[in-house]
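Asker: This structure is in structure tokens; I'll ask about it shortly.
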Amino acid sequence: MNSDSINLLKECNSGCKNATDSMEQVLPFVKEEKLKKIIEDYDKKHIKIGDECHKILNREGESEEDPNKLTMAMAWFGTEVKLMINDGSDRIAELMVDGCNMGIKSLSKFNNKYRNAESEIKDLVFELISIEQDFMNELLAFL
């Protein structure tokens, strides 16, 4: 597998980790059952893609890259503060929509940066982008 494929796969995996960490962070604050179910469903979809990334990386003898710990800590803290001020469904949906936007932008940038990645990896990235777009569309009803 070429280096573009490995690098893109690592970024895809890292994005899945960021997303699942964020979703699992907000779940205890969610009061509305419909929103909770949506977040749980998309958390599972992100875990599935992350597991596929992990499997391919292992097959190739490559290690996973964890998201930057400082960035994750700052994001976690910022989310906690925002939810302490307002933990309504609209605020939670807004935070998740912002995360989807960041994910879509990041994945698109990396997809363009690693143009020579193999189609198997690009397909996985496009699947994750599609999941992010679908998630965002479902969240818009809560804004």
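Residues are referred to by chain and number: the chain letter is A, B, ... according to the order shown in the structure tokens, the number counts from 1 in that chain, and ligands are numbered separately from 1 in the order shown.
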Could you go through chain A and tell me which residues DSSP, when run on the backbone, assigns to alpha helix (DSSP H), listing them as a ChimeraX atom specification?

Answerer: /A:3-26,33-59,69-85,89-113,119-139

Asker: With a distance cut-off of 9 Å and only C-alpha atoms, select the neighbouring residues of Leu8 of chain A, excluding the residue or stretch itself and same-chain residues fewer than 2 positions from it, and output the selection as a list in words.

Answerer: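 The residues satisfying every condition are Ser3, Asp4, Ser5, Ile6, Lys10, Glu11, Cys12, Asn13, Leu107, Phe110, Asn111, Lys113, Tyr114, Ala117, Ile121, Lys122 and Val125 of chain A.
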
Asker: Which residue, A:Ser22, A:Leu140, A:Glu60, A:Leu124, has the smallest gap to Tyr42 of chain A when you use only C-alpha atoms?

Answerer: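 Answer, going by the shortest atom-to-atom distance: A:Ser22.
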
Asker: Find the residue from A:Ile92, A:Val30, A:Met102, A:Ile39 that sits nearest to Asn18 of chain A; use only C-alpha atoms when measuring.

Answerer: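 That would be A:Met102, the residue with the smallest distance to Asn18 of chain A.
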
Asker: Would you mind telling me which residue in A:Glu52, A:Glu132, A:Glu138, A:Asp98 lies nearest to Leu35 of chain A when using only C-alpha atoms?

Answerer: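 Using only C-alpha atoms, the shortest distance to Leu35 of chain A belongs to A:Glu138.
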
Asker: I'd like the interatomic distance between atom CA of Leu128 of chain A and atom CA of Gly50 of chain A, to a tenth of an Å.

Answerer: 9.4 Å

Asker: I need the residue nearest Asp43 of chain A from this list: A:Met23, A:Leu9, A:Leu139, A:Ile129. Use only C-alpha atoms for the distance.

Answerer: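 Distance minimum relative to Asp43 of chain A lands on A:Met23.
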
Asker: May I ask which of the residues A:Lys17, A:Lys45, A:Lys34, A:Arg91 is the closest one to Phe135 of chain A, counting only C-alpha atoms?

Answerer: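 Smallest separation from Phe135 of chain A among the options: A:Lys45.
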